[in-house]
Amino acid sequence: MLDAIIVMSGLALFLGGVLGYASIRFHVQGNALVEKIDAILPQTQCAQCGFPGCRPYAEAIAEGRADINQCPPGGEANIHKLADLLGVEFKPLNAEHGEPKPKSVAYIDENTCIGCTLCLQACPVDAISGAPKQMHTIIAQECTGCELCIPPCPVDCIVMVPVESSIANWKWKPPMKEVA
Amino acid sequence: MRQLYHFNGGVHPPQHKDQSTIDPIRIPPLPEKLIIPLHQHIGSSAKALVQPGERVLKGQMIGQPEGHVSSAIHAPTSGKILSVGMEPVPHPSGLDALCVILEPDGLEEWIERVPLDPEMDPGTMRTKLKDAGVVGLGGAVFPSFIKLNPGSKNKVRTLILNGAECEPYITCDDLLMRERAFEIAEGAKLMQRLLGAEEVVLGIEDNKPLAIEAMKSAGGMEVVAVPTVYPGGGAKQLIKVLTGVEVPAGERSTDLGVQCFNVATAASVYRAIRLGEPVLSRIVTITGNVAQPGNYEALIGTPVDHLIRQAGALPGSSGAIMGGPMMGIDLPSTHVPVVKAMNCVIVKSEALFPKALDPMPCIRCARCAESCPAELQPQELYWFAKAKNFGKAQEYALFDCIECGCCSYVCPSHIPLVQYYRYAKSEIWAQEREKKASDLARLRHEFRVERMERDKREKAERLAQKSAQAKEL
Ligand code: SF4
Ligand code: SF4
Ligand code: SF4
Ligand code: SF4
């Protein structure tokens, strides 16, 4: 446990440094449009868009290789933003790539986990902490809900749990009765 | 005579105020239990200071402010803490929130009340107000000590007290001004000193002659009767009417030399400083479908159904509204506690609140825009909100909308416009939260990619070294 804490706090410290480094690096190399598109994408990194992550999808959009309606986690709100940014017409989400789902986070059944580290290797945002042969835990705040850790798990001990609604994250619904 | 100004639009809905102003403020009997939410203000929740089984005194702090924007919560009477847990609260979601359940012992045994020096250092006085749980009682429940700190750069010239009470049915401020003008006036003096304001101006709608009379005899401020037009009690609207100052979007009135507080807030400042009494109760109007509408000085945490029983529930009730008919929210149930934000509860019936008519298409009549006190284009906002085009809604100043309901009130197509705006605003807030989360995810992902590349590179280097060594051998 202590190891995990040390690793995590080290990581947190390190991330601060990376922030500066990454911003310099990507600024130099990145193309401004890709940056803007990537800033809109939800960063779930789930690959449902058909690309191996949000940034590759952003690059594909910028180069005209992909349409703006392929990201289910972003939903229609994000398609609107992309349409505005690129000056193109809004179009509904392409159902081939999946449906938007309520936000969930992964949960590892710690009694079943055998500590194989396969999920750890799959997680695109390092949201799983654990060492070989020790049970693993998901850091709920960091988990994007991409579900990429589920298929690799040999003992099927990872489940997705919807984020509970609370007054802090509650949203007003649109009116029930729509104008005909 | 002060020159008065006009704000755009506004409407004249039926008042329904007379029925709840017949009797003086009533004191209800102690309820069996008080349900006291720990988060009754803007900012972060207070942290529970009590354990189940503990005995607390009237006025004892049971929730400590956490962080800068926060406020304290107190035991409204003496008794035993039964539990600290999730309970239904008056919130449109119908979700539970963390509450302290207190069983009153009927002894009303106070903590030691220490009146404070009205001339004390302003900084210390503000801290005292934070610890006394003083927040805006007009409904916004923003911690008052923050608004009472003008900062070194700003100069607040005018302290405006809001006694307009423009929304139909609500009469709690009217009764407070009639009966406790002295407390308001004394509180205003303390606030004026904290702000260093040159003048104090109290605005009261001219449909409240008795309140105007009472406040005039209390002295210490200029009492101005303002025309009765809804929403004349909106802070920006009252500031405009009394001073001509328009507060632009995204700016605070303090920056323009004006600060505005509700009259009930002034009274609680007086009690906190001069009597050493924290905020333990507030005046709540209970009206609508009840036998004896009236105003109750209710302890915070009193179940609303307890008050409705006092006022005599009538048959044919169909739910209740917290607040007024224009801006209020439907209560998920009446078994929720009185909170600092609760100025009024209207018991609904079919007769008083007929079912909303089915909405029809917008005919672009622009009546909504004519009525809008924030000078917005409600029909455009509606259009963007409905199309989930929230970015455009924001461009059209969605966040300037004060949700006053004038637009919905005049719309000939009965479109529930405000519901669309509330929906759009909460979607935008949610998007901001998501944006923060996704920025973090991007960073973590970039970090990971970086690390994996480095690992690969190092591995390749090691391999290269090894094979080089192998060759040398
Ligand atoms: S579908 Fe959306 S969230 Fe998932 S990787 Fe593609 S762009 Fe990112
Ligand atoms: S823990 Fe699983 S679901 Fe969550 S971000 Fe990592 S791989 Fe995705
Ligand atoms: S009042 Fe109603 S019908 Fe007229 S423009 Fe506004 S939304 Fe449309
Ligand atoms: S609810 Fe908003 S848009 Fe409608 S009239 Fe009031 S301020 Fe204007």
# chains A, B, ... in the order shown; residues from 1 in each chain; ligands from 1
>>> select_by_dssp(residues="stretch 294-411 of chain B", states="alpha helix (DSSP H)", output="ChimeraX atom specification")
/B:304-311,367-371,378-386,390-395,406-410
>>> interface_residues(of="chain A", to="chain B", cutoff="7 Å", atoms="only C-alpha atoms", output="CSV table (one decimal) with C-alpha atoms, in the first residue's frame")
chain,number,residue,atom,x,y,z
A,18,VAL,CA,5.4,16.8,-17.7
A,19,LEU,CA,2.8,19.5,-18.1
A,42,PRO,CA,-13.4,14.1,-24.4
A,43,GLN,CA,-10.0,12.4,-24.0
A,77,ALA,CA,-22.7,18.7,-27.8
A,80,HIS,CA,-21.8,21.0,-32.4
A,124,PRO,CA,-4.5,4.9,-21.4
A,125,VAL,CA,-4.5,7.3,-18.5
A,126,ASP,CA,-2.7,5.3,-15.8
A,142,GLU,CA,-8.8,9.6,-13.0
A,166,SER,CA,-25.6,13.8,-6.5
A,167,ILE,CA,-26.8,17.4,-6.0
A,170,TRP,CA,-27.3,16.9,-11.1
A,171,LYS,CA,-28.6,18.5,-14.2
A,172,TRP,CA,-32.0,20.1,-15.2
A,173,LYS,CA,-33.8,18.1,-17.8
A,174,PRO,CA,-35.2,19.7,-20.9
A,175,PRO,CA,-39.0,20.2,-20.7
A,179,VAL,CA,-43.6,21.5,-29.3
A,180,ALA,CA,-45.1,19.4,-32.0
>>> residues_near_ligand(ligand="ligand 3", cutoff="6 Å", atoms="only C-alpha atoms and all ligand atoms", output="number ranges by chain")
B: 362-368, 379, 411-413
>>> residues_near_ligand(ligand="ligand 2", cutoff="9 Å", atoms="only C-alpha atoms and all ligand atoms", output="JSON, numbers by chain")
{"A": [44, 45, 46, 104, 105, 106, 107, 108, 119, 120, 121, 122, 123, 124, 125, 126, 127, 128, 137, 138, 139, 140, 142, 143, 144, 145, 146, 147, 148, 149, 150, 158, 159, 160], "B": [441]}
>>> write_last_selection(atoms="N, CA and C atoms", output="compact mmCIF listing (two decimals), in the first residue's frame")
# COMPACT_ATOMS: atom_id res chain seq x y z
N THR A 44 -11.38 10.43 -23.59
CA THR A 44 -11.66 9.13 -22.99
C THR A 44 -10.66 8.10 -23.51
N GLN A 45 -10.14 8.32 -24.71
CA GLN A 45 -9.15 7.45 -25.34
C GLN A 45 -9.70 6.05 -25.60
N CYS A 46 -10.98 5.96 -25.89
CA CYS A 46 -11.63 4.65 -25.97
C CYS A 46 -11.52 4.01 -27.35
N SER A 104 -19.43 6.25 -16.57
CA SER A 104 -19.17 5.19 -15.61
C SER A 104 -17.69 5.17 -15.29
N VAL A 105 -17.36 4.55 -14.19
CA VAL A 105 -15.94 4.29 -13.91
C VAL A 105 -15.76 2.80 -13.67
N ALA A 106 -14.56 2.32 -13.96
CA ALA A 106 -14.29 0.90 -13.78
C ALA A 106 -14.10 0.60 -12.31
N TYR A 107 -14.50 -0.61 -11.94
CA TYR A 107 -14.32 -1.04 -10.56
C TYR A 107 -13.73 -2.44 -10.59
N ILE A 108 -12.66 -2.68 -9.85
CA ILE A 108 -12.02 -4.00 -9.83
C ILE A 108 -12.47 -4.74 -8.57
N CYS A 119 -4.54 -5.15 -17.07
CA CYS A 119 -5.40 -3.97 -17.17
C CYS A 119 -4.56 -2.70 -17.07
N LEU A 120 -3.57 -2.79 -16.19
CA LEU A 120 -2.67 -1.66 -15.99
C LEU A 120 -2.01 -1.23 -17.29
N GLN A 121 -1.64 -2.25 -18.08
CA GLN A 121 -0.99 -1.95 -19.35
C GLN A 121 -1.99 -1.39 -20.36
N ALA A 122 -3.26 -1.74 -20.18
CA ALA A 122 -4.26 -1.30 -21.15
C ALA A 122 -4.75 0.12 -20.88
N CYS A 123 -4.66 0.55 -19.65
CA CYS A 123 -5.28 1.83 -19.29
C CYS A 123 -4.54 3.01 -19.90
N PRO A 124 -5.22 3.78 -20.73
CA PRO A 124 -4.53 4.86 -21.44
C PRO A 124 -4.19 6.05 -20.56
N VAL A 125 -4.74 6.13 -19.35
CA VAL A 125 -4.49 7.30 -18.52
C VAL A 125 -3.88 6.93 -17.17
N ASP A 126 -3.33 5.72 -17.08
CA ASP A 126 -2.71 5.28 -15.82
C ASP A 126 -3.64 5.49 -14.63
N ALA A 127 -4.87 5.04 -14.79
CA ALA A 127 -5.82 5.24 -13.70
C ALA A 127 -5.88 4.03 -12.78
N ILE A 128 -5.03 3.02 -13.05
CA ILE A 128 -5.04 1.82 -12.21
C ILE A 128 -3.72 1.76 -11.47
N THR A 137 -6.21 -1.46 -7.97
CA THR A 137 -7.35 -0.61 -7.65
C THR A 137 -7.45 0.49 -8.69
N ILE A 138 -8.70 0.90 -8.95
CA ILE A 138 -8.91 1.98 -9.90
C ILE A 138 -9.01 3.29 -9.14
N ILE A 139 -8.34 4.28 -9.65
CA ILE A 139 -8.45 5.60 -9.04
C ILE A 139 -9.64 6.27 -9.74
N ALA A 140 -10.78 6.25 -9.06
CA ALA A 140 -12.03 6.63 -9.72
C ALA A 140 -11.95 8.02 -10.35
N GLU A 142 -9.59 9.48 -11.80
CA GLU A 142 -8.79 9.57 -13.01
C GLU A 142 -9.38 8.73 -14.14
N CYS A 143 -10.25 7.78 -13.80
CA CYS A 143 -10.78 6.85 -14.79
C CYS A 143 -11.71 7.60 -15.75
N THR A 144 -11.48 7.41 -17.05
CA THR A 144 -12.31 8.10 -18.04
C THR A 144 -13.49 7.25 -18.48
N GLY A 145 -13.53 6.01 -18.04
CA GLY A 145 -14.64 5.13 -18.42
C GLY A 145 -14.50 4.56 -19.81
N CYS A 146 -13.28 4.39 -20.30
CA CYS A 146 -13.08 3.96 -21.69
C CYS A 146 -13.34 2.47 -21.90
N GLU A 147 -13.34 1.69 -20.84
CA GLU A 147 -13.61 0.24 -20.88
C GLU A 147 -12.48 -0.56 -21.51
N LEU A 148 -11.34 0.04 -21.79
CA LEU A 148 -10.25 -0.69 -22.44
C LEU A 148 -9.62 -1.72 -21.51
N CYS A 149 -9.84 -1.57 -20.21
CA CYS A 149 -9.23 -2.51 -19.29
C CYS A 149 -10.05 -3.78 -19.16
N ILE A 150 -11.27 -3.78 -19.65
CA ILE A 150 -12.15 -4.93 -19.42
C ILE A 150 -11.74 -6.16 -20.24
N ILE A 158 -13.32 -6.94 -13.68
CA ILE A 158 -13.54 -5.49 -13.79
C ILE A 158 -14.96 -5.23 -14.30
N VAL A 159 -15.68 -4.39 -13.59
CA VAL A 159 -17.02 -4.00 -14.06
C VAL A 159 -17.11 -2.49 -14.14
N MET A 160 -18.01 -2.01 -14.99
CA MET A 160 -18.21 -0.56 -15.10
C MET A 160 -19.37 -0.17 -14.18
N ALA B 441 -7.22 14.07 -18.23
CA ALA B 441 -7.04 12.79 -18.92
C ALA B 441 -6.03 12.95 -20.06
>>> closest_atom_pairs(of="chain A", to="ligand 1", cutoff="12 Å", atoms="only C-alpha atoms and all ligand atoms", output="JSON lines")
{"residue": "A:Ile37", "atom": "CA", "partner": "ligand 1", "partner_atom_place_in_ligand_line": "7 (S)", "distance": 9.6}
{"residue": "A:Asp38", "atom": "CA", "partner": "ligand 1", "partner_atom_place_in_ligand_line": "7 (S)", "distance": 8.1}
{"residue": "A:Ala39", "atom": "CA", "partner": "ligand 1", "partner_atom_place_in_ligand_line": "7 (S)", "distance": 10.4}
{"residue": "A:Ile40", "atom": "CA", "partner": "ligand 1", "partner_atom_place_in_ligand_line": "7 (S)", "distance": 9.1}
{"residue": "A:Leu41", "atom": "CA", "partner": "ligand 1", "partner_atom_place_in_ligand_line": "7 (S)", "distance": 5.5}
{"residue": "A:Pro42", "atom": "CA", "partner": "ligand 1", "partner_atom_place_in_ligand_line": "3 (S)", "distance": 5.1}
{"residue": "A:Gln43", "atom": "CA", "partner": "ligand 1", "partner_atom_place_in_ligand_line": "8 (Fe)", "distance": 4.9}
{"residue": "A:Thr44", "atom": "CA", "partner": "ligand 1", "partner_atom_place_in_ligand_line": "3 (S)", "distance": 4.1}
{"residue": "A:Gln45", "atom": "CA", "partner": "ligand 1", "partner_atom_place_in_ligand_line": "5 (S)", "distance": 3.7}
{"residue": "A:Cys46", "atom": "CA", "partner": "ligand 1", "partner_atom_place_in_ligand_line": "4 (Fe)", "distance": 3.8}
{"residue": "A:Ala47", "atom": "CA", "partner": "ligand 1", "partner_atom_place_in_ligand_line": "5 (S)", "distance": 3.7}
{"residue": "A:Gln48", "atom": "CA", "partner": "ligand 1", "partner_atom_place_in_ligand_line": "1 (S)", "distance": 4.1}
{"residue": "A:Cys49", "atom": "CA", "partner": "ligand 1", "partner_atom_place_in_ligand_line": "1 (S)", "distance": 4.0}
{"residue": "A:Gly50", "atom": "CA", "partner": "ligand 1", "partner_atom_place_in_ligand_line": "6 (Fe)", "distance": 6.7}
{"residue": "A:Phe51", "atom": "CA", "partner": "ligand 1", "partner_atom_place_in_ligand_line": "6 (Fe)", "distance": 6.1}
{"residue": "A:Pro52", "atom": "CA", "partner": "ligand 1", "partner_atom_place_in_ligand_line": "5 (S)", "distance": 6.3}
{"residue": "A:Gly53", "atom": "CA", "partner": "ligand 1", "partner_atom_place_in_ligand_line": "5 (S)", "distance": 3.8}
{"residue": "A:Cys54", "atom": "CA", "partner": "ligand 1", "partner_atom_place_in_ligand_line": "8 (Fe)", "distance": 3.5}
{"residue": "A:Arg55", "atom": "CA", "partner": "ligand 1", "partner_atom_place_in_ligand_line": "7 (S)", "distance": 7.2}
{"residue": "A:Pro56", "atom": "CA", "partner": "ligand 1", "partner_atom_place_in_ligand_line": "7 (S)", "distance": 8.1}
{"residue": "A:Tyr57", "atom": "CA", "partner": "ligand 1", "partner_atom_place_in_ligand_line": "7 (S)", "distance": 5.7}
{"residue": "A:Ala58", "atom": "CA", "partner": "ligand 1", "partner_atom_place_in_ligand_line": "7 (S)", "distance": 7.2}
{"residue": "A:Glu59", "atom": "CA", "partner": "ligand 1", "partner_atom_place_in_ligand_line": "7 (S)", "distance": 10.4}
{"residue": "A:Ala60", "atom": "CA", "partner": "ligand 1", "partner_atom_place_in_ligand_line": "7 (S)", "distance": 10.3}
{"residue": "A:Ile61", "atom": "CA", "partner": "ligand 1", "partner_atom_place_in_ligand_line": "7 (S)", "distance": 10.1}
{"residue": "A:Ala66", "atom": "CA", "partner": "ligand 1", "partner_atom_place_in_ligand_line": "7 (S)", "distance": 10.9}
{"residue": "A:Asp67", "atom": "CA", "partner": "ligand 1", "partner_atom_place_in_ligand_line": "7 (S)", "distance": 11.1}
{"residue": "A:Ile68", "atom": "CA", "partner": "ligand 1", "partner_atom_place_in_ligand_line": "7 (S)", "distance": 9.6}
{"residue": "A:Asn69", "atom": "CA", "partner": "ligand 1", "partner_atom_place_in_ligand_line": "2 (Fe)", "distance": 9.4}
{"residue": "A:Gln70", "atom": "CA", "partner": "ligand 1", "partner_atom_place_in_ligand_line": "1 (S)", "distance": 6.4}
{"residue": "A:Cys71", "atom": "CA", "partner": "ligand 1", "partner_atom_place_in_ligand_line": "1 (S)", "distance": 3.8}
{"residue": "A:Pro72", "atom": "CA", "partner": "ligand 1", "partner_atom_place_in_ligand_line": "1 (S)", "distance": 5.6}
{"residue": "A:Pro73", "atom": "CA", "partner": "ligand 1", "partner_atom_place_in_ligand_line": "3 (S)", "distance": 5.3}
{"residue": "A:Gly74", "atom": "CA", "partner": "ligand 1", "partner_atom_place_in_ligand_line": "2 (Fe)", "distance": 6.0}
{"residue": "A:Gly75", "atom": "CA", "partner": "ligand 1", "partner_atom_place_in_ligand_line": "2 (Fe)", "distance": 8.7}
{"residue": "A:Glu76", "atom": "CA", "partner": "ligand 1", "partner_atom_place_in_ligand_line": "2 (Fe)", "distance": 11.6}
{"residue": "A:Asn78", "atom": "CA", "partner": "ligand 1", "partner_atom_place_in_ligand_line": "2 (Fe)", "distance": 9.6}
{"residue": "A:Ile79", "atom": "CA", "partner": "ligand 1", "partner_atom_place_in_ligand_line": "2 (Fe)", "distance": 10.6}
{"residue": "A:Leu82", "atom": "CA", "partner": "ligand 1", "partner_atom_place_in_ligand_line": "7 (S)", "distance": 11.6}
{"residue": "A:Leu93", "atom": "CA", "partner": "ligand 1", "partner_atom_place_in_ligand_line": "1 (S)", "distance": 11.0}
{"residue": "A:Asn94", "atom": "CA", "partner": "ligand 1", "partner_atom_place_in_ligand_line": "1 (S)", "distance": 11.1}
{"residue": "A:Ala95", "atom": "CA", "partner": "ligand 1", "partner_atom_place_in_ligand_line": "1 (S)", "distance": 11.8}
{"residue": "A:Glu96", "atom": "CA", "partner": "ligand 1", "partner_atom_place_in_ligand_line": "1 (S)", "distance": 11.4}
{"residue": "A:His97", "atom": "CA", "partner": "ligand 1", "partner_atom_place_in_ligand_line": "1 (S)", "distance": 7.7}
{"residue": "A:Gly98", "atom": "CA", "partner": "ligand 1", "partner_atom_place_in_ligand_line": "1 (S)", "distance": 8.8}
{"residue": "A:Glu99", "atom": "CA", "partner": "ligand 1", "partner_atom_place_in_ligand_line": "1 (S)", "distance": 10.3}
{"residue": "A:Pro100", "atom": "CA", "partner": "ligand 1", "partner_atom_place_in_ligand_line": "1 (S)", "distance": 9.8}
{"residue": "A:Lys101", "atom": "CA", "partner": "ligand 1", "partner_atom_place_in_ligand_line": "3 (S)", "distance": 11.7}
{"residue": "A:Lys103", "atom": "CA", "partner": "ligand 1", "partner_atom_place_in_ligand_line": "3 (S)", "distance": 11.9}
{"residue": "A:Pro124", "atom": "CA", "partner": "ligand 1", "partner_atom_place_in_ligand_line": "5 (S)", "distance": 10.0}
{"residue": "A:Val125", "atom": "CA", "partner": "ligand 1", "partner_atom_place_in_ligand_line": "5 (S)", "distance": 11.9}
{"residue": "A:Thr144", "atom": "CA", "partner": "ligand 1", "partner_atom_place_in_ligand_line": "3 (S)", "distance": 8.9}
{"residue": "A:Gly145", "atom": "CA", "partner": "ligand 1", "partner_atom_place_in_ligand_line": "3 (S)", "distance": 9.5}
{"residue": "A:Cys146", "atom": "CA", "partner": "ligand 1", "partner_atom_place_in_ligand_line": "4 (Fe)", "distance": 7.1}
{"residue": "A:Glu147", "atom": "CA", "partner": "ligand 1", "partner_atom_place_in_ligand_line": "4 (Fe)", "distance": 10.2}
{"residue": "A:Leu148", "atom": "CA", "partner": "ligand 1", "partner_atom_place_in_ligand_line": "4 (Fe)", "distance": 10.3}
>>> residues_near_ligand(ligand="ligand 4", cutoff="6 Å", atoms="only C-alpha atoms and all ligand atoms", output="list in words")
Ser371, Cys372, Pro373, Ala374, Leu376, Pro378, Cys401, Ile402, Glu403, Cys404, Gly405, Cys406, Cys407 and Val418 of chain B
>>> select_by_dssp(residues="stretch 292-446 of chain B", states="strand (DSSP E)", output="VMD selection string")
chain B and resid 294 to 299 317 to 322 329 to 330 344 to 349
>>> residues_around(residues="A:Met135", least_positions_apart="6", cutoff="7 Å", atoms="only C-alpha atoms", output="ChimeraX atom specification")
/A:110,113-115
>>> write_last_selection(atoms="C-alpha atoms", output="PDB file, in the first residue's frame")
ATOM      1  CA  GLU A 110     -10.290  -6.909  -5.420  1.00  0.00           C
ATOM      2  CA  CYS A 113      -8.008  -9.821  -9.027  1.00  0.00           C
ATOM      3  CA  ILE A 114      -4.865 -11.951  -9.484  1.00  0.00           C
ATOM      4  CA  GLY A 115      -2.522  -9.019  -9.948  1.00  0.00           C
TER       5      GLY A 115
END
>>> atom_distance(atom1="atom CA of B:Leu331", atom2="atom CA of B:Ile308")
13.3 Å
>>> residues_around(residues="B:Leu176", least_positions_apart="2", cutoff="9 Å", atoms="only C-alpha atoms", output="ChimeraX atom specification")
/B:25,171-174,178-181,184,211,263-264,267,283
>>> closest_residue(among="B:Leu175, B:Ala298, B:Ala320, B:Leu398", to="B:Lys17", atoms="only C-alpha atoms")
B:Leu175
>>> residues_around(residues="B:Glu109", least_positions_apart="2", cutoff="8 Å", atoms="only C-alpha atoms", output="list in words")
Leu57, Lys58, Thr77, Ser78, Leu107 and Ile111 of chain B
>>> write_last_selection(atoms="all heavy atoms", output="compact mmCIF listing (two decimals), in the first residue's frame")
# COMPACT_ATOMS: atom_id res chain seq x y z
N LEU B 57 -26.46 22.68 22.51
CA LEU B 57 -27.19 23.83 23.02
C LEU B 57 -27.70 24.67 21.86
O LEU B 57 -27.16 24.61 20.75
CB LEU B 57 -26.27 24.68 23.90
CG LEU B 57 -25.74 24.00 25.16
CD1 LEU B 57 -24.81 24.93 25.91
CD2 LEU B 57 -26.89 23.55 26.06
N LYS B 58 -28.71 25.45 22.13
CA LYS B 58 -29.24 26.36 21.12
C LYS B 58 -28.14 27.35 20.72
O LYS B 58 -27.56 28.01 21.58
CB LYS B 58 -30.44 27.10 21.70
CG LYS B 58 -31.16 28.00 20.72
CD LYS B 58 -32.39 28.64 21.37
CE LYS B 58 -33.07 29.60 20.40
NZ LYS B 58 -34.39 29.19 20.01
N THR B 77 -31.99 24.82 18.27
CA THR B 77 -32.52 24.72 19.63
C THR B 77 -31.68 23.68 20.36
O THR B 77 -30.85 23.02 19.75
CB THR B 77 -34.01 24.33 19.63
OG1 THR B 77 -34.49 24.34 20.98
CG2 THR B 77 -34.24 22.96 19.03
N SER B 78 -31.89 23.56 21.68
CA SER B 78 -31.12 22.56 22.40
C SER B 78 -31.78 21.19 22.24
O SER B 78 -32.99 21.09 22.06
CB SER B 78 -31.03 22.94 23.88
OG SER B 78 -32.32 23.05 24.44
N LEU B 107 -36.08 22.59 26.07
CA LEU B 107 -35.57 23.49 27.12
C LEU B 107 -35.09 24.82 26.55
O LEU B 107 -34.95 25.79 27.29
CB LEU B 107 -34.41 22.81 27.86
CG LEU B 107 -34.76 21.47 28.53
CD1 LEU B 107 -33.51 20.81 29.10
CD2 LEU B 107 -35.80 21.69 29.63
N ILE B 111 -26.41 28.65 24.22
CA ILE B 111 -24.99 28.85 24.48
C ILE B 111 -24.85 30.21 25.14
O ILE B 111 -25.82 30.99 25.18
CB ILE B 111 -24.16 28.87 23.18
CG1 ILE B 111 -24.83 29.80 22.15
CG2 ILE B 111 -23.94 27.50 22.62
CD1 ILE B 111 -23.96 30.29 21.04
>>> residues_around(residues="B:Ile204", least_positions_apart="4", cutoff="9 Å", atoms="only C-alpha atoms", output="ChimeraX atom specification")
/B:161-166,174,208-209,211-212,223-228,233
>>> closest_residue(among="B:Met215, B:Pro115, B:Gly67, B:Thr302", to="B:Glu103", atoms="only C-alpha atoms")
B:Thr302
>>> closest_residue(among="B:Gly244, B:Gly257, B:Pro168, B:Pro303", to="B:Gly196", atoms="only C-alpha atoms")
B:Gly257
>>> atom_distance(atom1="atom CA of B:Pro337", atom2="atom CA of B:Ile36")
7.0 Å
